[in-house]
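Please read the structure below before turning to the comments.
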Amino acid sequence: MSPVGPADIKRQVLIQGLDVAPDGSFAVYGRRSVEDGKYASRLWRVGFERGARPERLTSGPSDASPRVSPDGRSLLFIGARGDDPPAPWILPLSGGEPAQVAEFPGPAVFADWSPDGTQILVLGASGDQRFVVGDPASPVARRITDLTWRVDGLGIRDQYMSAWVVPAAGGKPTRLTSGHETFGVFWGPDGRGIGFLADRTDHAALIERPRAWTVGTSGTSRPRELPGPREVTAAAWSPSGKTLALLGSEVPEPSGWALENLYVVERGTMRQLGAELDRPMRNQTIADLLDFSSVFASTVRWLDDTSVLTIVGERGCAHPYRFRLDGSYERLAGGPVITTGAAAGDGRLAIIATDRGRPPEVYAVENGELRALTRDGSRWLGARRNDPEPVELPRRGSSPAIDAWLVRARSGRGRRPLVLTIHGGPFGAYGPTPSLPYLALADAGIHVLYANPRGSTGYGEAFARELEGAWGETDAPDLLRCVDWAVRTGIADRSRIGVMGISYGGYMTNWLLGHHPKRFAAGISENPVTNLVSFFGTSDFGWFATRSAAGVRNPQDDWARLLRFSPATELPSFRGPVLFIHADGDLRCPPEQTELVFAMLRMLGRPVEMVRYPEESHGVSILGRPDRRADRLQRIVEFFSANL
């Protein structure tokens, strides 16, 4: 059996995007693979009957976001052909070729059928230039007055996204929103109006907090705000139109630790469902075996006129839940699984989920149990699975225990080298599903331990909020306790412990190396934050993150505190080898955050190396070009094999 390694990046298959036919007869899903060194995504259909074999529906190369028509005869999806931008297409399910619904002034990212199937609602580029001076193809300049002028993964936001409506039979699209970013769209129950999510206040120039609105489909009516929480991330009307379900937060100021809660509005009155759960109503678990677009994404779908389906994150897992209007709720499936998508039709429920170390598949949920409908999402990994072992480390007082997972080295006896990995966010989580580098390190004889310290989500709002304003100081004791446990139990060699992390995990890698230099032999810091002062202005959300990191709203308020919580100030205390990995196009944690500490350590003559990946954004470890992800994986294994 070959070890997990760089070649597996090219073998990886990822199941993403899901819908169920209205009559519950079949599910449609996306299947991403690597062809000729590039990602290719196609749509597949599988029936719910036992023994059903999936069939491919589209030819790609980038087909996604499937939606089955109300009559079950056609499939709507977002796809691109040739050099054209992504657009909505319709495929007759009885046979034939897909046809593009209409042309739009820029890329479309989402589309859905009206309740009667005669119209298509689209979220796509507005066509209006926001910043450009002169020719958009070769601008003279960009005039920028908003802090929200860029976002990682998308670049400069020259155009807002807008809501559009177009006849399903084809025709000229009608734009329904303008002058602001539209974050989401959803149909009204009668098809004569739509809902959309937007921040239409002047404050949106600083930070956007969308609310729910409704507008007619004529293109001439004025939007009307709907009741709801202070910030809305997803919404849907019940089939009868009597109730509006919303996911969002009532916290006065935007905060990473705040839970995303479920609310319903009936007769103009809003109330929360499932408050006693004290859990986020979405998946926040991170791993490169998961669909990255599902992490922090929101799902709200009506199962019938009195119950709502959503995903709840809990202790590193994510499960589908049913919430009823009478206040009751139930977990529809549990266990060590992470749900990244859910859809239902006529009483049948399907989810995309991982089961421990098994990559995602489509499952039918039946009487609380999962029945696999697909096998091709995990066949590529097969018997080389190495399921993480759950570890629970109690803490003093009433605080929740530290959940951790150990991926054991496959070879060697006695104490082995160990790598501690730290998740990003910081308000995210790890869970029972590992990432490929952990499996590759284990096959190279190195244990991997990862955990959810204070600040992680899925343990209640108070647990996450403990990290606010004190990055590093709050969670370092929890992470060090995990290392101590591994040494005390005879798993790890105290002199051969490494640490690595991405984003906030990179921040904490630098923090631990600098503040506890004798505890670690080597470290890999990827796309990190190192200097909160420059981060304030160079990151797409830096001016927001410094408040979360150090409790400082503006550098002029407390320069010293920002430097105190900047890992760069203590990192030179570490004298061992460090590998910095950074994406050149990262707007979330810009490359200058690595360049600073690389130069500092190099000037001191320390064993330090920097690897840069051209053009890639912050999510390079999951979304990056396959050959770059393969190169990264190989470097991680080689670095720790040589230095531990």
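We label chains A, B, ... in the order they appear in the structure tokens, count residues from 1 in each chain, and number ligands from 1 in the order shown.
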
- Message: Using only C-alpha atoms, which protein or nucleic acid residues come within 12 Å of range 134-138 of chain A? Drop anything in the same chain fewer than 6 positions from it, and give the result as a ChimeraX atom specification.
- Response: /A:127-128,158-159

Residues from the last selection, C-alpha atoms, saved as a PDB file, in the first residue's frame:
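Printed below is selection12.pdb as written:
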```pdb
ATOM      1  CA  GLY A 127     -22.248  45.495 -14.622  1.00  0.00           C
ATOM      2  CA  ASP A 128     -21.668  48.881 -12.944  1.00  0.00           C
ATOM      3  CA  ASP A 158     -14.979  46.666  -8.862  1.00  0.00           C
ATOM      4  CA  GLN A 159     -18.585  45.515  -9.274  1.00  0.00           C
TER       5      GLN A 159
END
```

- Item | Arg575 in chain A environment, 9 Å, only C-alpha atoms, sequence neighbours closer than 4 positions dropped, as a PyMOL selection string | chain A and resi 513+517+521-522+571+601+606-607

- Task: Pick out the residues sitting within 9 Å of Glu231 in chain A, and hand them over as number ranges by chain; count only C-alpha atoms, and ignore anything fewer than 4 positions along from it in its own chain.
- Result: A: 199, 208-212, 247-251, 254

- Query: Counting only C-alpha atoms, what is within 8 Å of range 170-177 of chain A, bar same-chain residues fewer than 3 positions away, as a PyMOL selection string?
  - Reply: chain A and resi 101-104+126+162-167+180+182+215-220

Write out the residues from the selection above, keeping N, CA, C and O atoms, as an mmCIF file, in the first residue's frame.
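Wrote it out as part-v2.cif, contents follow:
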```
data_model
loop_
_atom_site.group_PDB
_atom_site.id
_atom_site.type_symbol
_atom_site.label_atom_id
_atom_site.label_comp_id
_atom_site.auth_asym_id
_atom_site.auth_seq_id
_atom_site.Cartn_x
_atom_site.Cartn_y
_atom_site.Cartn_z
ATOM 1 N N VAL A 101 -29.205 30.132 -20.032
ATOM 2 C CA VAL A 101 -30.463 30.857 -19.826
ATOM 3 C C VAL A 101 -30.394 32.247 -20.423
ATOM 4 O O VAL A 101 -31.317 32.697 -21.120
ATOM 5 N N ALA A 102 -29.313 32.961 -20.146
ATOM 6 C CA ALA A 102 -29.166 34.337 -20.617
ATOM 7 C C ALA A 102 -27.730 34.767 -20.390
ATOM 8 O O ALA A 102 -26.974 34.114 -19.669
ATOM 9 N N GLU A 103 -27.363 35.876 -21.008
ATOM 10 C CA GLU A 103 -26.044 36.457 -20.777
ATOM 11 C C GLU A 103 -26.150 37.552 -19.729
ATOM 12 O O GLU A 103 -27.127 38.304 -19.696
ATOM 13 N N PHE A 104 -25.124 37.631 -18.880
ATOM 14 C CA PHE A 104 -25.075 38.633 -17.817
ATOM 15 C C PHE A 104 -23.783 39.429 -17.954
ATOM 16 O O PHE A 104 -22.832 38.979 -18.616
ATOM 17 N N SER A 126 -23.111 43.131 -11.209
ATOM 18 C CA SER A 126 -24.065 44.203 -11.542
ATOM 19 C C SER A 126 -23.831 44.808 -12.912
ATOM 20 O O SER A 126 -24.754 45.305 -13.551
ATOM 21 N N SER A 162 -25.476 41.662 -7.790
ATOM 22 C CA SER A 162 -26.866 42.105 -7.827
ATOM 23 C C SER A 162 -27.804 40.920 -8.025
ATOM 24 O O SER A 162 -27.405 39.855 -8.481
ATOM 25 N N ALA A 163 -29.072 41.144 -7.688
ATOM 26 C CA ALA A 163 -30.121 40.162 -7.954
ATOM 27 C C ALA A 163 -30.712 40.444 -9.330
ATOM 28 O O ALA A 163 -31.001 41.598 -9.675
ATOM 29 N N TRP A 164 -30.900 39.366 -10.106
ATOM 30 C CA TRP A 164 -31.481 39.455 -11.433
ATOM 31 C C TRP A 164 -32.603 38.428 -11.557
ATOM 32 O O TRP A 164 -32.583 37.391 -10.885
ATOM 33 N N VAL A 165 -33.559 38.692 -12.417
ATOM 34 C CA VAL A 165 -34.589 37.709 -12.730
ATOM 35 C C VAL A 165 -34.714 37.623 -14.251
ATOM 36 O O VAL A 165 -34.580 38.632 -14.965
ATOM 37 N N VAL A 166 -34.916 36.389 -14.756
ATOM 38 C CA VAL A 166 -34.992 36.174 -16.197
ATOM 39 C C VAL A 166 -35.977 35.032 -16.451
ATOM 40 O O VAL A 166 -36.071 34.102 -15.645
ATOM 41 N N PRO A 167 -36.746 35.074 -17.528
ATOM 42 C CA PRO A 167 -37.640 33.953 -17.833
ATOM 43 C C PRO A 167 -36.859 32.652 -18.015
ATOM 44 O O PRO A 167 -35.768 32.653 -18.601
ATOM 45 N N HIS A 180 -25.452 48.557 -3.989
ATOM 46 C CA HIS A 180 -24.967 47.912 -2.773
ATOM 47 C C HIS A 180 -24.669 46.463 -3.096
ATOM 48 O O HIS A 180 -25.102 45.926 -4.127
ATOM 49 N N THR A 182 -25.227 42.638 -2.911
ATOM 50 C CA THR A 182 -26.277 41.675 -2.596
ATOM 51 C C THR A 182 -25.602 40.359 -2.257
ATOM 52 O O THR A 182 -24.901 39.772 -3.078
ATOM 53 N N VAL A 215 -38.380 42.694 -2.677
ATOM 54 C CA VAL A 215 -38.651 43.605 -3.782
ATOM 55 C C VAL A 215 -39.402 42.819 -4.859
ATOM 56 O O VAL A 215 -39.241 41.600 -4.987
ATOM 57 N N GLY A 216 -40.225 43.503 -5.614
ATOM 58 C CA GLY A 216 -40.956 42.865 -6.703
ATOM 59 C C GLY A 216 -40.049 42.511 -7.858
ATOM 60 O O GLY A 216 -38.907 42.983 -7.951
ATOM 61 N N THR A 217 -40.555 41.721 -8.777
ATOM 62 C CA THR A 217 -39.744 41.257 -9.906
ATOM 63 C C THR A 217 -39.872 42.136 -11.147
ATOM 64 O O THR A 217 -39.289 41.836 -12.185
ATOM 65 N N SER A 218 -40.613 43.243 -11.042
ATOM 66 C CA SER A 218 -40.781 44.115 -12.204
ATOM 67 C C SER A 218 -39.545 44.942 -12.502
ATOM 68 O O SER A 218 -39.351 45.409 -13.625
ATOM 69 N N GLY A 219 -38.715 45.148 -11.490
ATOM 70 C CA GLY A 219 -37.549 45.999 -11.651
ATOM 71 C C GLY A 219 -37.834 47.461 -11.418
ATOM 72 O O GLY A 219 -36.930 48.302 -11.543
ATOM 73 N N THR A 220 -39.073 47.799 -11.040
ATOM 74 C CA THR A 220 -39.444 49.205 -10.822
ATOM 75 C C THR A 220 -39.850 49.494 -9.378
ATOM 76 O O THR A 220 -39.948 50.649 -8.989
#
```

- Name the residues in contact with Ile502 in chain A at a cut-off of 8 Å, using only C-alpha atoms, excluding same-chain residues fewer than 5 positions from it; report them as a ChimeraX atom specification. /A:422-424,507,525-528

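Note that CA of Ile636 in chain A and CA of Leu441 in chain A are 8.1 Å apart.
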
Residues at most 10 Å from Glu592 in chain A, counting only C-alpha atoms, excluding those fewer than 2 positions away in the same chain, as an mmCIF file with N, CA and C atoms, in the first residue's frame?
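around.cif was written with the following content:
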```cif
data_model
loop_
_atom_site.group_PDB
_atom_site.id
_atom_site.type_symbol
_atom_site.label_atom_id
_atom_site.label_comp_id
_atom_site.auth_asym_id
_atom_site.auth_seq_id
_atom_site.Cartn_x
_atom_site.Cartn_y
_atom_site.Cartn_z
ATOM 1 N N ASN A 527 0.643 31.461 5.763
ATOM 2 C CA ASN A 527 -0.254 32.615 5.632
ATOM 3 C C ASN A 527 -0.609 33.195 7.003
ATOM 4 N N PRO A 528 0.403 33.540 7.805
ATOM 5 C CA PRO A 528 0.131 33.924 9.187
ATOM 6 C C PRO A 528 -0.150 35.418 9.353
ATOM 7 N N VAL A 529 -0.530 35.768 10.562
ATOM 8 C CA VAL A 529 -0.503 37.152 11.043
ATOM 9 C C VAL A 529 0.687 37.252 11.979
ATOM 10 N N THR A 530 1.539 38.255 11.769
ATOM 11 C CA THR A 530 2.708 38.425 12.637
ATOM 12 C C THR A 530 2.793 39.821 13.240
ATOM 13 N N ASN A 531 2.242 40.824 12.549
ATOM 14 C CA ASN A 531 2.367 42.216 12.977
ATOM 15 C C ASN A 531 0.999 42.882 12.884
ATOM 16 N N SER A 534 0.689 46.641 11.056
ATOM 17 C CA SER A 534 0.551 46.716 9.596
ATOM 18 C C SER A 534 -0.659 45.924 9.118
ATOM 19 N N PHE A 535 -1.001 44.855 9.832
ATOM 20 C CA PHE A 535 -2.155 44.035 9.468
ATOM 21 C C PHE A 535 -3.431 44.866 9.441
ATOM 22 N N THR A 538 -3.340 46.488 5.857
ATOM 23 C CA THR A 538 -3.009 45.740 4.645
ATOM 24 C C THR A 538 -3.921 44.541 4.399
ATOM 25 N N SER A 539 -4.638 44.067 5.424
ATOM 26 C CA SER A 539 -5.551 42.946 5.261
ATOM 27 C C SER A 539 -6.933 43.427 4.847
ATOM 28 N N HIS A 582 3.616 31.056 2.034
ATOM 29 C CA HIS A 582 2.658 32.143 1.845
ATOM 30 C C HIS A 582 2.177 32.197 0.399
ATOM 31 N N ASP A 584 1.014 34.378 -2.717
ATOM 32 C CA ASP A 584 1.313 35.734 -3.197
ATOM 33 C C ASP A 584 0.073 36.611 -3.298
ATOM 34 N N ASP A 586 -2.636 36.541 -1.382
ATOM 35 C CA ASP A 586 -3.412 36.507 -0.142
ATOM 36 C C ASP A 586 -3.775 37.934 0.287
ATOM 37 N N CYS A 589 -4.370 37.589 4.889
ATOM 38 C CA CYS A 589 -3.118 37.728 5.644
ATOM 39 C C CYS A 589 -2.021 37.995 4.617
ATOM 40 N N PRO A 590 -1.803 39.252 4.264
ATOM 41 C CA PRO A 590 -0.925 39.590 3.135
ATOM 42 C C PRO A 590 0.503 39.079 3.313
ATOM 43 N N THR A 594 4.552 37.653 6.452
ATOM 44 C CA THR A 594 5.643 36.676 6.480
ATOM 45 C C THR A 594 6.981 37.319 6.162
ATOM 46 N N GLU A 595 6.980 38.257 5.225
ATOM 47 C CA GLU A 595 8.239 38.886 4.813
ATOM 48 C C GLU A 595 8.952 39.544 5.986
ATOM 49 N N LEU A 596 8.186 40.138 6.895
ATOM 50 C CA LEU A 596 8.779 40.808 8.060
ATOM 51 C C LEU A 596 9.566 39.813 8.900
ATOM 52 N N VAL A 597 8.930 38.724 9.317
ATOM 53 C CA VAL A 597 9.604 37.797 10.228
ATOM 54 C C VAL A 597 10.664 36.974 9.505
ATOM 55 N N PHE A 598 10.478 36.700 8.207
ATOM 56 C CA PHE A 598 11.518 36.018 7.450
ATOM 57 C C PHE A 598 12.794 36.862 7.439
#
```

- Determine, counting only C-alpha atoms, which protein, DNA and RNA residues have an atom within 12 Å of an atom of Thr269 in chain A; residues of the same chain fewer than 3 positions away are not included. Present the result as a PyMOL selection string. chain A and resi 226-229+242-245+263-266+272

- Mind the document's chain letters and residue numbers, and return as number ranges by chain the residues of range 46-292 of chain A that DSSP labels strand (DSSP E or B). A: 46-47, 55-56, 62, 64-68, 74-79, 87-92, 99-100, 108-113, 119-125, 132-133, 141-142, 150-151, 155-156, 161-167, 174-175, 182-187, 193-198, 211-216, 224-225, 231-237, 243-249, 261-266, 269-273, 285

- Could you check which of A:Gly505, A:Gly335, A:Gly498, A:Gly455 is closest to Gly256 in chain A, using only C-alpha atoms? A:Gly455

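Minimum atom-to-atom distances from A:Leu349, A:Gly155, A:Pro280, A:Asn452 to Glu615 in chain A were compared using only C-alpha atoms, and the lowest value belongs to A:Gly155.
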
- Message: I'd like to know which of A:Pro98, A:Pro360, A:Pro61, A:Gly124 is closest to Val337 in chain A, using only C-alpha atoms.
- Response: A:Pro360

- Among the residues of range 341-570 of chain A, find those DSSP assigns to alpha helix (DSSP H) from the backbone and print them as a ChimeraX atom specification. /A:436-443,461-465,476-488,504-515,532-538,542-550,559-564

- Expressed in Å to a single decimal, how great is the separation between CA of Arg496 in chain A and CA of Glu570 in chain A? 21.5 Å
